[in-house]
Amino acid sequence: MTATSPHDAVTQPEPEPEPRPDRRSDPEPARSDARAPLFRNGYALMVNTVISGGLGLVYWWLAAVYYSKADMGQGSAAIAAMKFLSSLTALGFTGALARFVPVAGRATGRLLRRAYGVNALASSAITVVFLAALPLWGSHYAFLSGWQRSAGFLLAVLAWSWLTLQDGVLIGLRSAVWVPVGNLSFSVGKAVLLVLLAGAIPATGVFVSWVAAIALSVLPLGWLILRRLIPRQVAAADGDLLPPTERQIGRFLAGDYTGSVFNLVVTYFVPVLVAAKVSSDQNAVYYIINTIGGTLDLLAVNMAASLTVESSRQPSQLGANTRGALARMACVTLPCFALLGLLAGPILDVFGSGYAAAGAPLLRWLAAAGFLRVLIELYFGTLRARSRTREVALFQGLLCTLVLSLSLLLMPRMGIAGVGLAVLISQGAVAICALPGLLRVLRDRPGVGAQAATHVVPQAATEAATEDAT
């Protein structure tokens, strides 16, 4: 694809490590979805999203049955804060893991050790700042005061960071089929603990059940990654494969992390903002609906991650991969979004009286915005595959600014439904901006990408030799 944006002069990627050639692939390979890694891993992540989302709704239904709305509101606020703080660093690394783990070769273990270490230090520092300013965040977080509960919350943030990174590592190692297994263990475990803790610690049972269940995924899959998947990738590495350099990873992170911070504000800070602005009852309704909408959004995010992995390994297949991913995402998500909008009221009635009346408009706005998110995320996947992360950051910065400002403007007038309308307007504006670039990728043919890829090896080798000499 030939880019025409004014940023091209400054967003040309660093020379990237050589992707392992796939001598079996044709210009437009005719392979079944089950055999093609792009779709096999993409479908595994989508299955994971459906399982996690479905069991997540069961979890919040059980919470509505066994806990008061006030306890649910407090617990969901603490979970939102935990996710936000851990993801400030962890989600910044997941894009880099998807981009560089597939081509790290024998340096895979070293790359992952550094990612986990830097993430742990950064997450700890951010959480300490949050806890030091605890009185500023409202009454929902008062139960975290005291050094013991603060220390427990810090451990919870680190555990969630590890879980987030773990999914990115499995995707990068092309073993995304294990992601649903880990998240199934987590989802079932937290639901069981939720019920068991309802009588013992009703005020904190929602949060504690969520955090304690993380071990059910992290421990077994951590062992699998260390003992099986990393050694397998190292053993299969091509001796001529040049691992990514620190400079290449740094340039990628400079753009991708900035974009991730903007995305985090939309995904995790907006729920924290809502919790600070509305009653506990309203926050309980909002959090359930946000979970439903976020689950469907993740379908697009997951397929985009698989698109990044496979197009990093085979740059010449970027256009074909994107066409295939978009066609499959349209078939899967369009019916889901349509049903969600039409059945918003009956879906929310399951959680109890008052949920549909308070939340149906919000759910309909989020459903209307759904397919726009598919277009945006798939385009982001193509940009990450080409290390054009500054453009991703620009788009995500625009989306963040629009969602945050419009939410603050509309929430006082429309309640929690204003957040849904803000999301729809914002994603529509960003999708319009991204559409020309996405269309160019969709029209791209293998010859252009393959031609561009032939220049990677000499440049990467020159850069590696220069860095070794310095």
# chains A, B, ... in the order shown; residues from 1 in each chain; ligands from 1

call {"tool": "residues_around", "arguments": {"residues": "Leu57 of chain A", "least_positions_apart": "5", "cutoff": "9 Å", "atoms": "only C-alpha atoms", "output": "list in words"}}
result
Ser52, Leu62, Ile288, Thr291 and Ile292 of chain A

call {"tool": "residues_around", "arguments": {"residues": "Ala338 of chain A", "least_positions_apart": "6", "cutoff": "12 Å", "atoms": "only C-alpha atoms", "output": "PyMOL selection string"}}
result
chain A and resi 296+330-332+344+363-371

call {"tool": "write_last_selection", "arguments": {"atoms": "all heavy atoms", "output": "short mmCIF file (atom, residue, chain, number, x, y, z; two decimals), in the first residue's frame"}}
result
data_model
loop_
_atom_site.label_atom_id
_atom_site.label_comp_id
_atom_site.auth_asym_id
_atom_site.auth_seq_id
_atom_site.Cartn_x
_atom_site.Cartn_y
_atom_site.Cartn_z
N LEU A 296 -18.40 -7.51 22.85
CA LEU A 296 -18.51 -7.51 21.39
C LEU A 296 -17.39 -6.71 20.74
O LEU A 296 -16.91 -7.06 19.65
CB LEU A 296 -19.88 -6.97 20.98
CG LEU A 296 -21.05 -7.88 21.33
CD1 LEU A 296 -22.37 -7.23 20.95
CD2 LEU A 296 -20.93 -9.23 20.63
N ALA A 330 -17.62 -9.33 9.49
CA ALA A 330 -18.94 -8.84 9.11
C ALA A 330 -20.00 -9.93 9.33
O ALA A 330 -21.09 -9.66 9.86
CB ALA A 330 -18.94 -8.38 7.66
N CYS A 331 -19.67 -11.16 8.94
CA CYS A 331 -20.63 -12.26 9.10
C CYS A 331 -20.93 -12.55 10.57
O CYS A 331 -22.05 -12.91 10.93
CB CYS A 331 -20.09 -13.52 8.42
SG CYS A 331 -20.00 -13.42 6.62
N VAL A 332 -19.92 -12.39 11.42
CA VAL A 332 -20.09 -12.74 12.82
C VAL A 332 -20.75 -11.61 13.61
O VAL A 332 -21.68 -11.84 14.40
CB VAL A 332 -18.73 -13.10 13.45
CG1 VAL A 332 -18.85 -13.23 14.97
CG2 VAL A 332 -18.20 -14.39 12.86
N ALA A 344 -32.51 -5.26 23.51
CA ALA A 344 -31.84 -4.62 24.66
C ALA A 344 -32.68 -4.74 25.93
O ALA A 344 -32.16 -5.08 27.00
CB ALA A 344 -31.54 -3.15 24.34
N LEU A 363 -27.46 0.56 25.97
CA LEU A 363 -27.10 -0.66 25.24
C LEU A 363 -27.38 -0.51 23.74
O LEU A 363 -26.59 -0.98 22.90
CB LEU A 363 -27.87 -1.84 25.82
CG LEU A 363 -27.48 -3.23 25.27
CD1 LEU A 363 -25.99 -3.49 25.40
CD2 LEU A 363 -28.29 -4.32 26.00
N ARG A 364 -28.45 0.16 23.38
CA ARG A 364 -28.76 0.36 21.95
C ARG A 364 -27.72 1.26 21.28
O ARG A 364 -27.32 1.01 20.14
CB ARG A 364 -30.16 0.96 21.81
CG ARG A 364 -31.28 0.00 22.22
CD ARG A 364 -32.65 0.52 21.83
NE ARG A 364 -33.69 -0.40 22.28
CZ ARG A 364 -34.46 -0.22 23.35
NH1 ARG A 364 -34.30 0.89 24.09
NH2 ARG A 364 -35.36 -1.09 23.69
N TRP A 365 -27.29 2.32 21.96
CA TRP A 365 -26.26 3.18 21.37
C TRP A 365 -24.96 2.39 21.15
O TRP A 365 -24.31 2.53 20.11
CB TRP A 365 -25.98 4.37 22.29
CG TRP A 365 -27.05 5.42 22.36
CD1 TRP A 365 -27.65 5.90 23.49
CD2 TRP A 365 -27.63 6.15 21.27
NE1 TRP A 365 -28.57 6.86 23.18
CE2 TRP A 365 -28.58 7.05 21.81
CE3 TRP A 365 -27.45 6.13 19.89
CZ2 TRP A 365 -29.34 7.90 21.03
CZ3 TRP A 365 -28.20 6.99 19.10
CH2 TRP A 365 -29.14 7.86 19.67
N LEU A 366 -24.57 1.57 22.13
CA LEU A 366 -23.33 0.80 22.01
C LEU A 366 -23.44 -0.23 20.88
O LEU A 366 -22.46 -0.48 20.17
CB LEU A 366 -23.01 0.10 23.33
CG LEU A 366 -22.64 1.03 24.50
CD1 LEU A 366 -22.37 0.21 25.76
CD2 LEU A 366 -21.44 1.91 24.16
N ALA A 367 -24.62 -0.85 20.73
CA ALA A 367 -24.81 -1.80 19.63
C ALA A 367 -24.69 -1.09 18.28
O ALA A 367 -24.09 -1.63 17.34
CB ALA A 367 -26.17 -2.48 19.77
N ALA A 368 -25.25 0.10 18.17
CA ALA A 368 -25.16 0.85 16.92
C ALA A 368 -23.72 1.20 16.57
O ALA A 368 -23.36 1.29 15.39
CB ALA A 368 -26.01 2.12 17.02
N ALA A 369 -22.88 1.38 17.58
CA ALA A 369 -21.48 1.75 17.33
C ALA A 369 -20.59 0.54 17.05
O ALA A 369 -19.43 0.70 16.67
CB ALA A 369 -20.93 2.50 18.56
N GLY A 370 -21.14 -0.66 17.21
CA GLY A 370 -20.31 -1.86 17.17
C GLY A 370 -19.51 -2.08 15.91
O GLY A 370 -18.30 -2.29 15.96
N PHE A 371 -20.17 -2.07 14.74
CA PHE A 371 -19.43 -2.40 13.52
C PHE A 371 -18.43 -1.32 13.15
O PHE A 371 -17.43 -1.59 12.47
CB PHE A 371 -20.38 -2.66 12.35
CG PHE A 371 -19.70 -3.33 11.19
CD1 PHE A 371 -19.27 -4.65 11.30
CD2 PHE A 371 -19.45 -2.65 10.01
CE1 PHE A 371 -18.62 -5.27 10.24
CE2 PHE A 371 -18.80 -3.27 8.95
CZ PHE A 371 -18.38 -4.59 9.06
#

call {"tool": "residues_around", "arguments": {"residues": "Leu163 of chain A", "least_positions_apart": "3", "cutoff": "8 Å", "atoms": "only C-alpha atoms", "output": "PDB file with N, CA, C and O atoms, in the first residue's frame"}}
result
ATOM      1  N   ALA A 159      -1.336  -8.893  39.436  1.00  0.00           N
ATOM      2  CA  ALA A 159      -1.894 -10.152  38.934  1.00  0.00           C
ATOM      3  C   ALA A 159      -2.673  -9.936  37.646  1.00  0.00           C
ATOM      4  O   ALA A 159      -2.564 -10.704  36.687  1.00  0.00           O
ATOM      5  N   TRP A 160      -3.479  -8.856  37.623  1.00  0.00           N
ATOM      6  CA  TRP A 160      -4.234  -8.580  36.393  1.00  0.00           C
ATOM      7  C   TRP A 160      -3.297  -8.199  35.246  1.00  0.00           C
ATOM      8  O   TRP A 160      -3.550  -8.546  34.085  1.00  0.00           O
ATOM      9  N   GLN A 166      -0.210 -12.284  29.560  1.00  0.00           N
ATOM     10  CA  GLN A 166      -0.250 -13.701  29.194  1.00  0.00           C
ATOM     11  C   GLN A 166      -1.028 -13.925  27.899  1.00  0.00           C
ATOM     12  O   GLN A 166      -0.597 -14.684  27.024  1.00  0.00           O
ATOM     13  N   ASP A 167      -2.162 -13.257  27.758  1.00  0.00           N
ATOM     14  CA  ASP A 167      -2.936 -13.394  26.525  1.00  0.00           C
ATOM     15  C   ASP A 167      -2.133 -12.894  25.329  1.00  0.00           C
ATOM     16  O   ASP A 167      -2.137 -13.508  24.261  1.00  0.00           O
ATOM     17  N   ILE A 214      -7.804 -15.168  39.402  1.00  0.00           N
ATOM     18  CA  ILE A 214      -6.751 -14.947  38.403  1.00  0.00           C
ATOM     19  C   ILE A 214      -5.730 -16.077  38.437  1.00  0.00           C
ATOM     20  O   ILE A 214      -5.213 -16.505  37.397  1.00  0.00           O
ATOM     21  N   SER A 217      -5.897 -19.152  36.066  1.00  0.00           N
ATOM     22  CA  SER A 217      -5.434 -19.026  34.678  1.00  0.00           C
ATOM     23  C   SER A 217      -3.934 -18.811  34.601  1.00  0.00           C
ATOM     24  O   SER A 217      -3.246 -19.447  33.806  1.00  0.00           O
ATOM     25  N   VAL A 218      -3.426 -17.919  35.449  1.00  0.00           N
ATOM     26  CA  VAL A 218      -2.024 -17.510  35.344  1.00  0.00           C
ATOM     27  C   VAL A 218      -1.059 -18.656  35.661  1.00  0.00           C
ATOM     28  O   VAL A 218      -0.052 -18.844  34.966  1.00  0.00           O
TER      29      VAL A 218
END

call {"tool": "residues_around", "arguments": {"residues": "Ala357 of chain A", "least_positions_apart": "6", "cutoff": "9 Å", "atoms": "only C-alpha atoms", "output": "CSV table (one decimal) with N, CA and C atoms, in the first residue's frame"}}
result
chain,number,residue,atom,x,y,z
A,345,GLY,N,-34.0,-4.4,25.8
A,345,GLY,CA,-34.8,-4.5,27.0
A,345,GLY,C,-34.9,-5.9,27.6
A,348,LEU,N,-31.7,-7.1,29.4
A,348,LEU,CA,-31.4,-6.4,30.7
A,348,LEU,C,-32.4,-6.8,31.8
A,349,ASP,N,-33.6,-7.2,31.3
A,349,ASP,CA,-34.6,-7.7,32.3
A,349,ASP,C,-34.2,-8.9,33.1

call {"tool": "atom_distance", "arguments": {"atom1": "atom CA of Phe153 of chain A", "atom2": "atom CA of Ser87 of chain A"}}
result
14.4 Å

call {"tool": "closest_residue", "arguments": {"among": "A:Ala356, A:Val208, A:Val309, A:Ala320", "to": "Leu196 of chain A", "atoms": "only C-alpha atoms"}}
result
A:Val208

call {"tool": "closest_residue", "arguments": {"among": "A:Thr204, A:Ser161, A:Pro361, A:Leu155", "to": "Leu342 of chain A", "atoms": "only C-alpha atoms"}}
result
A:Pro361

call {"tool": "residues_around", "arguments": {"residues": "Ala393 of chain A", "least_positions_apart": "5", "cutoff": "10 Å", "atoms": "only C-alpha atoms", "output": "ChimeraX atom specification"}}
result
/A:254-263,380,388,398-399

call {"tool": "write_last_selection", "arguments": {"atoms": "N, CA, C and O atoms", "output": "CSV table (one decimal), in the first residue's frame"}}
result
chain,number,residue,atom,x,y,z
A,254,ALA,N,6.9,3.7,21.3
A,254,ALA,CA,6.7,5.1,21.4
A,254,ALA,C,5.4,5.5,20.8
A,254,ALA,O,4.7,6.3,21.4
A,255,GLY,N,5.0,4.9,19.7
A,255,GLY,CA,3.7,5.2,19.1
A,255,GLY,C,2.6,4.4,19.7
A,255,GLY,O,1.5,4.9,20.0
A,256,ASP,N,2.8,3.1,19.8
A,256,ASP,CA,1.8,2.2,20.2
A,256,ASP,C,1.4,2.4,21.7
A,256,ASP,O,0.2,2.3,22.0
A,257,TYR,N,2.4,2.7,22.6
A,257,TYR,CA,2.0,2.9,24.0
A,257,TYR,C,1.2,4.2,24.1
A,257,TYR,O,0.2,4.3,24.9
A,258,THR,N,1.6,5.2,23.4
A,258,THR,CA,0.8,6.5,23.4
A,258,THR,C,-0.6,6.2,23.0
A,258,THR,O,-1.6,6.7,23.7
A,259,GLY,N,-0.8,5.5,21.9
A,259,GLY,CA,-2.2,5.1,21.5
A,259,GLY,C,-2.9,4.3,22.5
A,259,GLY,O,-4.1,4.4,22.7
A,260,SER,N,-2.2,3.4,23.2
A,260,SER,CA,-2.8,2.5,24.2
A,260,SER,C,-3.3,3.3,25.4
A,260,SER,O,-4.3,3.0,26.0
A,261,VAL,N,-2.5,4.3,25.8
A,261,VAL,CA,-3.0,5.2,26.9
A,261,VAL,C,-4.3,5.9,26.5
A,261,VAL,O,-5.2,5.9,27.3
A,262,PHE,N,-4.4,6.4,25.3
A,262,PHE,CA,-5.7,7.0,24.9
A,262,PHE,C,-6.8,5.9,24.9
A,262,PHE,O,-7.9,6.2,25.3
A,263,ASN,N,-6.5,4.7,24.4
A,263,ASN,CA,-7.5,3.7,24.4
A,263,ASN,C,-7.9,3.3,25.8
A,263,ASN,O,-9.1,3.0,26.1
A,380,PHE,N,-6.3,-0.6,12.5
A,380,PHE,CA,-5.2,-0.5,13.5
A,380,PHE,C,-4.3,-1.8,13.4
A,380,PHE,O,-3.1,-1.7,13.5
A,388,ARG,N,3.5,1.2,11.9
A,388,ARG,CA,3.1,2.6,11.8
A,388,ARG,C,2.3,3.0,13.0
A,388,ARG,O,1.1,3.4,12.9
A,398,LEU,N,-7.6,11.0,18.9
A,398,LEU,CA,-8.9,11.6,18.5
A,398,LEU,C,-10.1,11.0,19.1
A,398,LEU,O,-11.0,11.6,19.6
A,399,LEU,N,-10.1,9.6,19.1
A,399,LEU,CA,-11.2,8.9,19.7
A,399,LEU,C,-11.3,9.2,21.2
A,399,LEU,O,-12.4,9.4,21.7

call {"tool": "closest_residue", "arguments": {"among": "A:Ala115, A:Pro346, A:Arg227, A:Val157", "to": "Ala80 of chain A", "atoms": "only C-alpha atoms"}}
result
A:Val157

call {"tool": "closest_residue", "arguments": {"among": "A:Cys400, A:Val188, A:Ala358, A:Ala304", "to": "Val58 of chain A", "atoms": "only C-alpha atoms"}}
result
A:Val188

call {"tool": "closest_residue", "arguments": {"among": "A:Arg373, A:Arg390, A:Arg106, A:Arg445", "to": "Ile432 of chain A", "atoms": "only C-alpha atoms"}}
result
A:Arg373

call {"tool": "atom_distance", "arguments": {"atom1": "atom CA of Leu410 of chain A", "atom2": "atom CA of Tyr379 of chain A"}}
result
28.5 Å

call {"tool": "select_by_dssp", "arguments": {"residues": "segment 171-309 of chain A", "states": "alpha helix (DSSP H)", "output": "number ranges by chain"}}
result
A: 171-172, 179-197, 205-212, 215-224, 230-236, 246-264, 270-277, 280-309

call {"tool": "write_last_selection", "arguments": {"atoms": "C-alpha atoms", "output": "mmCIF file, in the first residue's frame"}}
result
data_model
loop_
_atom_site.group_PDB
_atom_site.id
_atom_site.type_symbol
_atom_site.label_atom_id
_atom_site.label_comp_id
_atom_site.auth_asym_id
_atom_site.auth_seq_id
_atom_site.Cartn_x
_atom_site.Cartn_y
_atom_site.Cartn_z
ATOM 1 C CA ILE A 171 -1.206 -14.670 20.660
ATOM 2 C CA GLY A 172 2.374 -13.787 19.714
ATOM 3 C CA VAL A 179 -6.467 -18.265 25.635
ATOM 4 C CA PRO A 180 -10.065 -19.559 25.933
ATOM 5 C CA VAL A 181 -8.854 -22.359 28.231
ATOM 6 C CA GLY A 182 -7.256 -19.909 30.656
ATOM 7 C CA ASN A 183 -10.144 -17.483 30.608
ATOM 8 C CA LEU A 184 -12.682 -20.287 31.053
ATOM 9 C CA SER A 185 -10.872 -21.329 34.242
ATOM 10 C CA PHE A 186 -10.828 -17.725 35.434
ATOM 11 C CA SER A 187 -14.485 -17.064 34.595
ATOM 12 C CA VAL A 188 -15.836 -20.221 36.227
ATOM 13 C CA GLY A 189 -13.593 -19.787 39.269
ATOM 14 C CA LYS A 190 -14.636 -16.210 39.961
ATOM 15 C CA ALA A 191 -18.346 -17.116 39.678
ATOM 16 C CA VAL A 192 -17.965 -19.952 42.194
ATOM 17 C CA LEU A 193 -15.991 -17.752 44.587
ATOM 18 C CA LEU A 194 -18.544 -14.961 44.206
ATOM 19 C CA VAL A 195 -21.301 -17.167 45.605
ATOM 20 C CA LEU A 196 -19.101 -18.664 48.336
ATOM 21 C CA LEU A 197 -18.008 -15.241 49.600
ATOM 22 C CA GLY A 205 -16.836 -10.317 47.904
ATOM 23 C CA VAL A 206 -17.252 -9.068 44.325
ATOM 24 C CA PHE A 207 -13.710 -7.701 44.148
ATOM 25 C CA VAL A 208 -12.027 -10.519 46.104
ATOM 26 C CA SER A 209 -13.663 -13.258 44.016
ATOM 27 C CA TRP A 210 -12.465 -11.573 40.822
ATOM 28 C CA VAL A 211 -8.875 -11.230 41.999
ATOM 29 C CA ALA A 212 -8.491 -14.652 43.616
ATOM 30 C CA ALA A 215 -4.434 -17.652 39.755
ATOM 31 C CA LEU A 216 -6.564 -20.336 38.076
ATOM 32 C CA SER A 217 -5.434 -19.026 34.678
ATOM 33 C CA VAL A 218 -2.024 -17.510 35.344
ATOM 34 C CA LEU A 219 -0.385 -20.475 37.091
ATOM 35 C CA PRO A 220 -1.113 -23.320 34.627
ATOM 36 C CA LEU A 221 -0.706 -21.254 31.467
ATOM 37 C CA GLY A 222 2.428 -19.593 32.824
ATOM 38 C CA TRP A 223 3.922 -23.058 33.196
ATOM 39 C CA LEU A 224 2.833 -23.937 29.647
ATOM 40 C CA ILE A 230 8.903 -20.699 24.356
ATOM 41 C CA PRO A 231 11.259 -23.719 23.967
ATOM 42 C CA ARG A 232 9.240 -24.826 20.935
ATOM 43 C CA GLN A 233 9.601 -21.446 19.229
ATOM 44 C CA VAL A 234 13.312 -21.271 20.049
ATOM 45 C CA ALA A 235 13.908 -24.784 18.688
ATOM 46 C CA ALA A 236 12.061 -23.987 15.462
ATOM 47 C CA GLU A 246 15.823 -2.611 21.266
ATOM 48 C CA ARG A 247 15.665 0.408 18.996
ATOM 49 C CA GLN A 248 13.032 -1.194 16.782
ATOM 50 C CA ILE A 249 10.918 -2.171 19.784
ATOM 51 C CA GLY A 250 11.389 1.271 21.311
ATOM 52 C CA ARG A 251 10.249 3.046 18.153
ATOM 53 C CA PHE A 252 7.209 0.783 17.970
ATOM 54 C CA LEU A 253 6.328 1.324 21.642
ATOM 55 C CA ALA A 254 6.720 5.093 21.388
ATOM 56 C CA GLY A 255 3.696 5.229 19.116
ATOM 57 C CA ASP A 256 1.778 2.163 20.247
ATOM 58 C CA TYR A 257 2.010 2.917 23.965
ATOM 59 C CA THR A 258 0.811 6.468 23.413
ATOM 60 C CA GLY A 259 -2.161 5.115 21.498
ATOM 61 C CA SER A 260 -2.777 2.499 24.202
ATOM 62 C CA VAL A 261 -2.975 5.180 26.883
ATOM 63 C CA PHE A 262 -5.659 6.971 24.860
ATOM 64 C CA ASN A 263 -7.501 3.684 24.397
ATOM 65 C CA LEU A 264 -7.273 2.964 28.117
ATOM 66 C CA VAL A 270 -14.617 6.241 31.526
ATOM 67 C CA PRO A 271 -16.127 3.567 33.863
ATOM 68 C CA VAL A 272 -14.140 5.094 36.727
ATOM 69 C CA LEU A 273 -15.481 8.526 35.740
ATOM 70 C CA VAL A 274 -19.044 7.204 35.604
ATOM 71 C CA ALA A 275 -18.606 5.611 39.053
ATOM 72 C CA ALA A 276 -17.554 8.999 40.424
ATOM 73 C CA LYS A 277 -20.495 10.841 38.819
ATOM 74 C CA SER A 280 -24.026 3.073 43.114
ATOM 75 C CA ASP A 281 -27.303 1.764 41.653
ATOM 76 C CA GLN A 282 -26.705 3.542 38.337
ATOM 77 C CA ASN A 283 -23.088 2.421 38.290
ATOM 78 C CA ALA A 284 -24.152 -1.223 38.713
ATOM 79 C CA VAL A 285 -26.419 -0.883 35.637
ATOM 80 C CA TYR A 286 -23.715 0.899 33.635
ATOM 81 C CA TYR A 287 -21.028 -1.660 34.458
ATOM 82 C CA ILE A 288 -23.149 -4.612 33.310
ATOM 83 C CA ILE A 289 -23.994 -2.881 30.011
ATOM 84 C CA ASN A 290 -20.398 -1.799 29.506
ATOM 85 C CA THR A 291 -19.386 -5.447 29.972
ATOM 86 C CA ILE A 292 -21.806 -6.522 27.230
ATOM 87 C CA GLY A 293 -20.652 -3.836 24.803
ATOM 88 C CA GLY A 294 -16.992 -4.391 25.622
ATOM 89 C CA THR A 295 -17.325 -8.117 24.940
ATOM 90 C CA LEU A 296 -18.511 -7.513 21.390
ATOM 91 C CA ASP A 297 -15.824 -4.870 20.852
ATOM 92 C CA LEU A 298 -13.223 -7.472 21.808
ATOM 93 C CA LEU A 299 -14.256 -9.632 18.849
ATOM 94 C CA ALA A 300 -12.764 -6.981 16.571
ATOM 95 C CA VAL A 301 -9.727 -6.382 18.792
ATOM 96 C CA ASN A 302 -8.901 -10.094 18.831
ATOM 97 C CA MET A 303 -9.142 -10.610 15.086
ATOM 98 C CA ALA A 304 -7.007 -7.482 14.611
ATOM 99 C CA ALA A 305 -4.353 -8.973 16.928
ATOM 100 C CA SER A 306 -4.235 -12.160 14.860
ATOM 101 C CA LEU A 307 -4.053 -10.022 11.709
ATOM 102 C CA THR A 308 -1.011 -8.211 13.134
ATOM 103 C CA VAL A 309 0.764 -11.466 14.023
#

call {"tool": "residues_around", "arguments": {"residues": "Leu372 of chain A", "least_positions_apart": "5", "cutoff": "9 Å", "atoms": "only C-alpha atoms", "output": "PyMOL selection string"}}
result
chain A and resi 377+424+427-428+430-431

call {"tool": "write_last_selection", "arguments": {"atoms": "all heavy atoms", "output": "PDB file, in the first residue's frame"}}
result
ATOM      1  N   GLU A 377     -10.624  -1.179  14.354  1.00  0.00           N
ATOM      2  CA  GLU A 377      -9.628  -2.088  14.918  1.00  0.00           C
ATOM      3  C   GLU A 377      -8.879  -2.868  13.837  1.00  0.00           C
ATOM      4  O   GLU A 377      -7.678  -3.109  13.965  1.00  0.00           O
ATOM      5  CB  GLU A 377     -10.283  -3.051  15.910  1.00  0.00           C
ATOM      6  CG  GLU A 377     -10.735  -2.393  17.203  1.00  0.00           C
ATOM      7  CD  GLU A 377      -9.573  -1.813  17.995  1.00  0.00           C
ATOM      8  OE1 GLU A 377      -8.428  -2.285  17.835  1.00  0.00           O
ATOM      9  OE2 GLU A 377      -9.812  -0.875  18.784  1.00  0.00           O
ATOM     10  N   LEU A 424     -20.889   6.360  20.078  1.00  0.00           N
ATOM     11  CA  LEU A 424     -21.347   6.238  18.693  1.00  0.00           C
ATOM     12  C   LEU A 424     -20.837   7.396  17.835  1.00  0.00           C
ATOM     13  O   LEU A 424     -20.299   7.188  16.733  1.00  0.00           O
ATOM     14  CB  LEU A 424     -22.870   6.192  18.659  1.00  0.00           C
ATOM     15  CG  LEU A 424     -23.522   6.205  17.266  1.00  0.00           C
ATOM     16  CD1 LEU A 424     -23.083   4.996  16.454  1.00  0.00           C
ATOM     17  CD2 LEU A 424     -25.045   6.247  17.391  1.00  0.00           C
ATOM     18  N   GLN A 427     -16.863   7.124  17.480  1.00  0.00           N
ATOM     19  CA  GLN A 427     -16.375   6.056  16.610  1.00  0.00           C
ATOM     20  C   GLN A 427     -16.777   6.299  15.159  1.00  0.00           C
ATOM     21  O   GLN A 427     -16.036   5.929  14.233  1.00  0.00           O
ATOM     22  CB  GLN A 427     -16.885   4.708  17.115  1.00  0.00           C
ATOM     23  CG  GLN A 427     -16.283   4.327  18.453  1.00  0.00           C
ATOM     24  CD  GLN A 427     -16.434   2.869  18.807  1.00  0.00           C
ATOM     25  OE1 GLN A 427     -15.486   2.180  19.137  1.00  0.00           O
ATOM     26  NE2 GLN A 427     -17.655   2.391  18.770  1.00  0.00           N
ATOM     27  N   GLY A 428     -17.904   6.938  14.952  1.00  0.00           N
ATOM     28  CA  GLY A 428     -18.273   7.293  13.591  1.00  0.00           C
ATOM     29  C   GLY A 428     -17.289   8.269  12.971  1.00  0.00           C
ATOM     30  O   GLY A 428     -16.881   8.114  11.814  1.00  0.00           O
ATOM     31  N   VAL A 430     -14.081   8.727  13.797  1.00  0.00           N
ATOM     32  CA  VAL A 430     -12.782   8.081  13.577  1.00  0.00           C
ATOM     33  C   VAL A 430     -12.859   7.107  12.411  1.00  0.00           C
ATOM     34  O   VAL A 430     -11.918   6.994  11.613  1.00  0.00           O
ATOM     35  CB  VAL A 430     -12.310   7.378  14.867  1.00  0.00           C
ATOM     36  CG1 VAL A 430     -11.041   6.563  14.614  1.00  0.00           C
ATOM     37  CG2 VAL A 430     -12.043   8.410  15.956  1.00  0.00           C
ATOM     38  N   ALA A 431     -13.978   6.371  12.285  1.00  0.00           N
ATOM     39  CA  ALA A 431     -14.124   5.434  11.171  1.00  0.00           C
ATOM     40  C   ALA A 431     -14.082   6.159   9.830  1.00  0.00           C
ATOM     41  O   ALA A 431     -13.489   5.660   8.864  1.00  0.00           O
ATOM     42  CB  ALA A 431     -15.429   4.657  11.320  1.00  0.00           C
TER      43      ALA A 431
END

call {"tool": "closest_residue", "arguments": {"among": "A:Leu88, A:Leu404, A:Leu173, A:Ala107", "to": "Asn119 of chain A", "atoms": "only C-alpha atoms"}}
result
A:Leu88
